[in-house]
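Text of final.pdb (PDB, C-alpha atoms) as supplied:
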```pdb
ATOM      1  CA  MET A  21     -23.527  15.987  -6.263
ATOM      2  CA  PRO A  22     -24.631  14.209  -3.070
ATOM      3  CA  SER A  23     -24.020  16.003   0.194
ATOM      4  CA  ARG A  24     -21.498  14.547   2.607
ATOM      5  CA  LYS A  25     -22.769  13.755   6.054
ATOM      6  CA  GLN A  26     -20.834  14.223   9.271
ATOM      7  CA  PRO A  27     -20.534  11.236  11.630
ATOM      8  CA  LEU A  28     -23.536  11.172  13.949
ATOM      9  CA  SER A  29     -21.970  11.034  17.392
ATOM     10  CA  ARG A  30     -18.220  11.355  17.159
ATOM     11  CA  PRO A  31     -16.485  12.280  20.366
ATOM     12  CA  LEU A  32     -15.010  15.737  20.142
ATOM     13  CA  ASN A  33     -11.348  16.566  20.504
ATOM     14  CA  PRO A  34     -10.799  16.576  24.277
ATOM     15  CA  GLN A  35      -8.417  19.511  23.956
ATOM     16  CA  ALA A  36     -10.970  21.607  22.085
ATOM     17  CA  GLU A  37     -11.784  24.771  23.994
ATOM     18  CA  THR A  38     -14.060  26.415  21.477
ATOM     19  CA  GLY A  39     -16.825  25.185  19.213
ATOM     20  CA  ASN A  40     -14.715  26.221  16.227
ATOM     21  CA  SER A  41     -11.828  23.849  17.015
ATOM     22  CA  ALA A  42     -14.309  21.051  17.744
ATOM     23  CA  GLU A  43     -15.918  21.663  14.377
ATOM     24  CA  ILE A  44     -12.524  21.592  12.647
ATOM     25  CA  TYR A  45     -11.715  18.321  14.398
ATOM     26  CA  GLN A  46     -15.060  16.871  13.261
ATOM     27  CA  GLN A  47     -14.296  17.914   9.697
ATOM     28  CA  SER A  48     -10.836  16.335   9.768
ATOM     29  CA  TYR A  49     -12.203  13.114  11.255
ATOM     30  CA  ALA A  50     -15.037  12.965   8.710
ATOM     31  CA  THR A  51     -12.610  13.631   5.842
ATOM     32  CA  ALA A  52     -10.280  10.863   7.027
ATOM     33  CA  LEU A  53     -13.224   8.492   7.427
ATOM     34  CA  ARG A  54     -14.443   9.217   3.881
ATOM     35  CA  LEU A  55     -10.961   8.551   2.508
ATOM     36  CA  LEU A  56     -10.761   5.264   4.415
ATOM     37  CA  ALA A  57     -14.204   4.257   3.181
ATOM     38  CA  ARG A  58     -12.931   4.391  -0.411
ATOM     39  CA  ARG A  59      -9.808   2.280   0.190
ATOM     40  CA  GLU A  60      -7.262   1.378   2.837
ATOM     41  CA  HIS A  61      -4.585   3.999   3.485
ATOM     42  CA  SER A  62      -1.343   3.907   5.423
ATOM     43  CA  GLU A  63      -1.025   6.419   8.239
ATOM     44  CA  LEU A  64       1.468   8.415   6.185
ATOM     45  CA  GLU A  65      -0.804   8.562   3.133
ATOM     46  CA  LEU A  66      -3.763   9.679   5.226
ATOM     47  CA  ARG A  67      -1.663  12.286   7.012
ATOM     48  CA  HIS A  68      -0.468  13.721   3.667
ATOM     49  CA  LYS A  69      -4.027  13.942   2.378
ATOM     50  CA  LEU A  70      -5.225  15.729   5.512
ATOM     51  CA  VAL A  71      -2.264  18.134   5.414
ATOM     52  CA  ALA A  72      -3.103  18.900   1.781
ATOM     53  CA  ARG A  73      -6.603  19.837   2.966
ATOM     54  CA  LYS A  74      -5.013  22.390   5.338
ATOM     55  CA  PHE A  75      -5.830  20.732   8.673
ATOM     56  CA  ALA A  76      -3.495  21.544  11.577
ATOM     57  CA  ASP A  77      -0.984  18.903  12.703
ATOM     58  CA  ALA A  78      -2.507  18.649  16.199
ATOM     59  CA  VAL A  79      -5.988  18.062  14.751
ATOM     60  CA  ILE A  80      -4.615  15.451  12.339
ATOM     61  CA  ASP A  81      -2.745  13.659  15.141
ATOM     62  CA  THR A  82      -5.902  13.473  17.248
ATOM     63  CA  ALA A  83      -8.040  12.214  14.362
ATOM     64  CA  LEU A  84      -5.476   9.572  13.371
ATOM     65  CA  ASP A  85      -5.118   8.421  16.991
ATOM     66  CA  GLU A  86      -8.870   7.990  17.246
ATOM     67  CA  LEU A  87      -9.106   6.121  13.938
ATOM     68  CA  ARG A  88      -6.233   3.870  14.994
ATOM     69  CA  GLY A  89      -7.890   3.239  18.358
ATOM     70  CA  GLU A  90     -11.162   2.277  16.669
ATOM     71  CA  GLY A  91      -9.323  -0.128  14.363
ATOM     72  CA  LEU A  92     -10.251   1.849  11.257
ATOM     73  CA  LEU A  93      -6.638   2.772  10.461
ATOM     74  CA  SER A  94      -4.062  -0.013  10.477
ATOM     75  CA  ASN A  95      -0.653  -0.101   8.807
ATOM     76  CA  PRO A  96      -0.420  -3.923   9.030
ATOM     77  CA  ARG A  97      -3.816  -4.324   7.360
ATOM     78  CA  PHE A  98      -2.896  -1.762   4.691
ATOM     79  CA  ALA A  99       0.438  -3.485   3.999
ATOM     80  CA  GLY A 100      -1.230  -6.876   3.585
ATOM     81  CA  ILE A 101      -3.934  -5.611   1.251
ATOM     82  CA  TYR A 102      -1.507  -3.505  -0.772
ATOM     83  CA  ALA A 103       1.077  -6.286  -1.155
ATOM     84  CA  ARG A 104      -1.554  -8.834  -2.175
ATOM     85  CA  GLY A 105      -3.017  -6.449  -4.751
ATOM     86  CA  ARG A 106       0.373  -5.689  -6.282
ATOM     87  CA  TYR A 107       1.247  -9.405  -6.312
ATOM     88  CA  GLU A 108      -1.977 -10.124  -8.184
ATOM     89  CA  ARG A 109      -1.008  -7.479 -10.764
ATOM     90  CA  GLY A 110       2.267  -9.302 -11.392
ATOM     91  CA  TYR A 111       4.797  -7.273  -9.407
ATOM     92  CA  GLY A 112       7.702  -8.815  -7.524
ATOM     93  CA  PRO A 113       8.850  -8.397  -3.929
ATOM     94  CA  ALA A 114      11.528  -5.757  -4.587
ATOM     95  CA  LYS A 115       9.076  -3.378  -6.250
ATOM     96  CA  ILE A 116       6.386  -3.968  -3.625
ATOM     97  CA  GLN A 117       8.923  -3.402  -0.849
ATOM     98  CA  ALA A 118       9.962  -0.055  -2.357
ATOM     99  CA  GLU A 119       6.335   1.029  -2.787
ATOM    100  CA  LEU A 120       5.469   0.123   0.816
ATOM    101  CA  ARG A 121       8.480   2.102   2.027
ATOM    102  CA  GLU A 122       7.238   5.130   0.042
ATOM    103  CA  ARG A 123       3.909   4.796   1.828
ATOM    104  CA  GLY A 124       5.499   4.881   5.276
ATOM    105  CA  ILE A 125       5.477   1.185   6.131
ATOM    106  CA  ASP A 126       8.522   0.229   8.222
ATOM    107  CA  GLY A 127      11.016  -2.416   7.142
ATOM    108  CA  GLU A 128      10.032  -5.047   9.709
ATOM    109  CA  LEU A 129       6.349  -4.918   8.780
ATOM    110  CA  THR A 130       7.240  -4.990   5.073
ATOM    111  CA  GLU A 131       9.437  -8.076   5.530
ATOM    112  CA  GLN A 132       6.702  -9.828   7.500
ATOM    113  CA  THR A 133       4.088  -8.978   4.853
ATOM    114  CA  LEU A 134       6.264 -10.147   1.963
ATOM    115  CA  ALA A 135       7.173 -13.343   3.842
ATOM    116  CA  ASP A 136       3.483 -14.294   3.736
ATOM    117  CA  LEU A 137       3.759 -14.350  -0.080
ATOM    118  CA  SER A 138       7.245 -15.913  -0.254
ATOM    119  CA  GLN A 139       6.084 -19.250  -1.671
ATOM    120  CA  LEU A 140       4.370 -17.527  -4.578
ATOM    121  CA  TRP A 141       7.145 -15.363  -6.088
ATOM    122  CA  PHE A 142       8.770 -17.985  -8.355
ATOM    123  CA  ALA A 143       5.461 -19.006  -9.893
ATOM    124  CA  SER A 144       4.474 -15.374 -10.322
ATOM    125  CA  ALA A 145       7.731 -14.533 -12.126
ATOM    126  CA  ALA A 146       7.261 -17.502 -14.473
ATOM    127  CA  ARG A 147       3.654 -16.509 -15.121
ATOM    128  CA  GLN A 148       4.609 -12.897 -15.945
ATOM    129  CA  ARG A 149       7.368 -14.010 -18.331
ATOM    130  CA  GLN A 150       5.058 -16.440 -20.075
ATOM    131  CA  LYS A 151       2.233 -13.914 -20.284
ATOM    132  CA  ARG A 152       4.490 -11.354 -21.927
ATOM    133  CA  PHE A 153       6.766 -13.513 -24.100
ATOM    134  CA  GLY A 154       5.028 -16.855 -24.588
ATOM    135  CA  ARG A 155       5.633 -20.362 -23.402
ATOM    136  CA  LEU A 156       9.016 -21.149 -24.953
ATOM    137  CA  LEU A 157      12.214 -20.003 -23.278
ATOM    138  CA  PRO A 158      14.520 -18.085 -25.630
ATOM    139  CA  ASP A 159      17.721 -19.629 -26.965
ATOM    140  CA  GLU A 160      19.321 -16.355 -27.993
ATOM    141  CA  TYR A 161      21.298 -14.399 -25.420
ATOM    142  CA  ARG A 162      19.820 -11.067 -26.507
ATOM    143  CA  GLU A 163      16.204 -12.203 -26.119
ATOM    144  CA  ARG A 164      17.014 -13.905 -22.820
ATOM    145  CA  THR A 165      18.496 -10.714 -21.348
ATOM    146  CA  LYS A 166      15.504  -8.730 -22.617
ATOM    147  CA  GLN A 167      13.143 -11.045 -20.756
ATOM    148  CA  MET A 168      15.307 -10.997 -17.641
ATOM    149  CA  ARG A 169      15.334  -7.192 -17.682
ATOM    150  CA  PHE A 170      11.542  -7.195 -17.942
ATOM    151  CA  LEU A 171      11.242  -9.367 -14.828
ATOM    152  CA  GLN A 172      13.779  -7.239 -12.986
ATOM    153  CA  GLN A 173      11.770  -4.096 -13.758
ATOM    154  CA  ARG A 174       8.665  -5.841 -12.414
ATOM    155  CA  GLY A 175      10.513  -6.218  -9.104
ATOM    156  CA  PHE A 176      11.628  -9.836  -9.074
ATOM    157  CA  THR A 177      14.960 -10.790  -7.520
ATOM    158  CA  GLY A 178      17.899 -12.256  -9.405
ATOM    159  CA  GLU A 179      17.319 -15.616  -7.736
ATOM    160  CA  GLN A 180      13.678 -15.680  -8.830
ATOM    161  CA  ILE A 181      14.577 -14.661 -12.382
ATOM    162  CA  ARG A 182      17.305 -17.314 -12.665
ATOM    163  CA  ALA A 183      14.866 -19.941 -11.397
ATOM    164  CA  VAL A 184      12.445 -19.060 -14.215
ATOM    165  CA  PHE A 185      15.133 -19.548 -16.866
ATOM    166  CA  ASP A 186      16.691 -22.618 -15.256
ATOM    167  CA  ALA A 187      13.377 -24.467 -15.104
ATOM    168  CA  VAL A 188      13.343 -26.909 -17.975
TER     169      VAL A 188
END
```
Encoded form using structure tokens:
Amino acid sequence: MPSRKQPLSRPLNPQAETGNSAEIYQQSYATALRLLARREHSELELRHKLVARKFADAVIDTALDELRGEGLLSNPRFAGIYARGRYERGYGPAKIQAELRERGIDGELTEQTLADLSQLWFASAARQRQKRFGRLLPDEYRERTKQMRFLQQRGFTGEQIRAVFDAV
């Protein structure tokens, strides 16, 4: 297993009084940086991962502040990347909104992020229905409700679902 290197010249925690607390800060910063190198994280996700690794809250706060200041940690960037990825996997705005909320993204930022994709939801819902059930729209009530339920579980709104079935 390859060894993990510490950042070369990271500024130390200004509140550190001993070498031990500076070393702990360096470890928390390096851990956060490694996690961010793998994929984008929201601040809440990164905080939970650092807490799980038993770093103190003050050390975590300092590391996250520094990462935010350097532009390496950004909730708006995370929200955009996450929403686009979920859209590409066929999920609707309601599901994406709930998942962003779970990851600590506030409502205003979520609405702004989803608004960027607003023109794409109807086409995405139609594409997901067609991918799963085929090209033809069902005539039978039972099959129609089954397909509508599928789209609802994927996170599409009632308006988007109705638009798929009203398109002739």
Q. For this file, the PyMOL selection byres ((chain A and resi 175) around 9) selects which residues, as a PyMOL selection string?
A. chain A and resi 111-117+170-174+176-177
Q | Among the residues A:Leu93, A:Leu129, A:Ala143, A:Gly124, the one that comes closest to Glu108 in chain A [using only C-alpha atoms] | A |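 Among A:Leu93, A:Leu129, A:Ala143, A:Gly124, it is A:Ala143 that comes nearest to Glu108 in chain A.
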(Q) So the first atom is CA of Ala99 in chain A and the second is CA of Ala50 in chain A; what is the distance between them in Å, to one decimal place? (A)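 Answer for the CA of Ala99 in chain A to CA of Ala50 in chain A separation: 23.1 Å.
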Q | Point-to-point distance in Å for CA of Ala52 in chain A and CA of Arg67 in chain A | A |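 Value for the CA of Arg67 in chain A-CA of Ala52 in chain A distance: 8.7 Å.
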Q | Local residues around (9.9, -21.0, -6.9), at most 10 Å away, using all atoms listed in the file, as a PyMOL selection string | A | chain A and resi 138-146+179-181+183-184+187
Q: Find, counting all atoms listed in the file, the residue in A:Leu53, A:Leu137, A:Met168, A:Leu70 that gets nearest to Glu86 in chain A.
A: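 Closest to Glu86 in chain A of all the choices is A:Leu53.
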Q: Go through A:Gly110, A:Gly105, A:Gly91, A:Pro96 one by one, measure the shortest atom-to-atom distance of each to Asp126 in chain A using all atoms listed in the file, and give the residue with the smallest value.
A: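 So, comparing all the options, the nearest one is A:Pro96.
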Q.
Which residues are near Gly100 in chain A? Cut-off 9 Å, only C-alpha atoms, ignore same chain within fewer than 5 positions. Put them as number ranges by chain.
A. A: 95, 105, 130, 133-134, 136
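Closest approach to Phe75 in chain A among A:Gln167, A:Ile125, A:Ile44, A:Leu92: A:Ile44, based on only C-alpha atoms.
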As AutoDock Vina command-line options: centre and edge lengths in Å, one decimal, of the axis-aligned box holding range 65-81 of chain A with 5 Å per side:
```
--center_x -3.5 --center_y 15.5 --center_z 9.0 --size_x 16.1 --size_y 23.8 --size_z 24.4
```
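One finds CA of Thr51 in chain A at 21.6 Å from CA of Ile101 in chain A.
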Q: Can you give me, as a list in words, the residues this file yields under the PyMOL selection byres ((chain A and resi 60) around 10)?
A: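 Applying the PyMOL selection byres ((chain A and resi 60) around 10) to the structure shown produces Leu55, Leu56, Ala57, Arg58, Arg59, His61, Ser62, Glu63, Glu65, Leu66, Leu92, Leu93, Ser94, Asn95, Arg97, Phe98, Ala99, Ile101 and Tyr102 of chain A.
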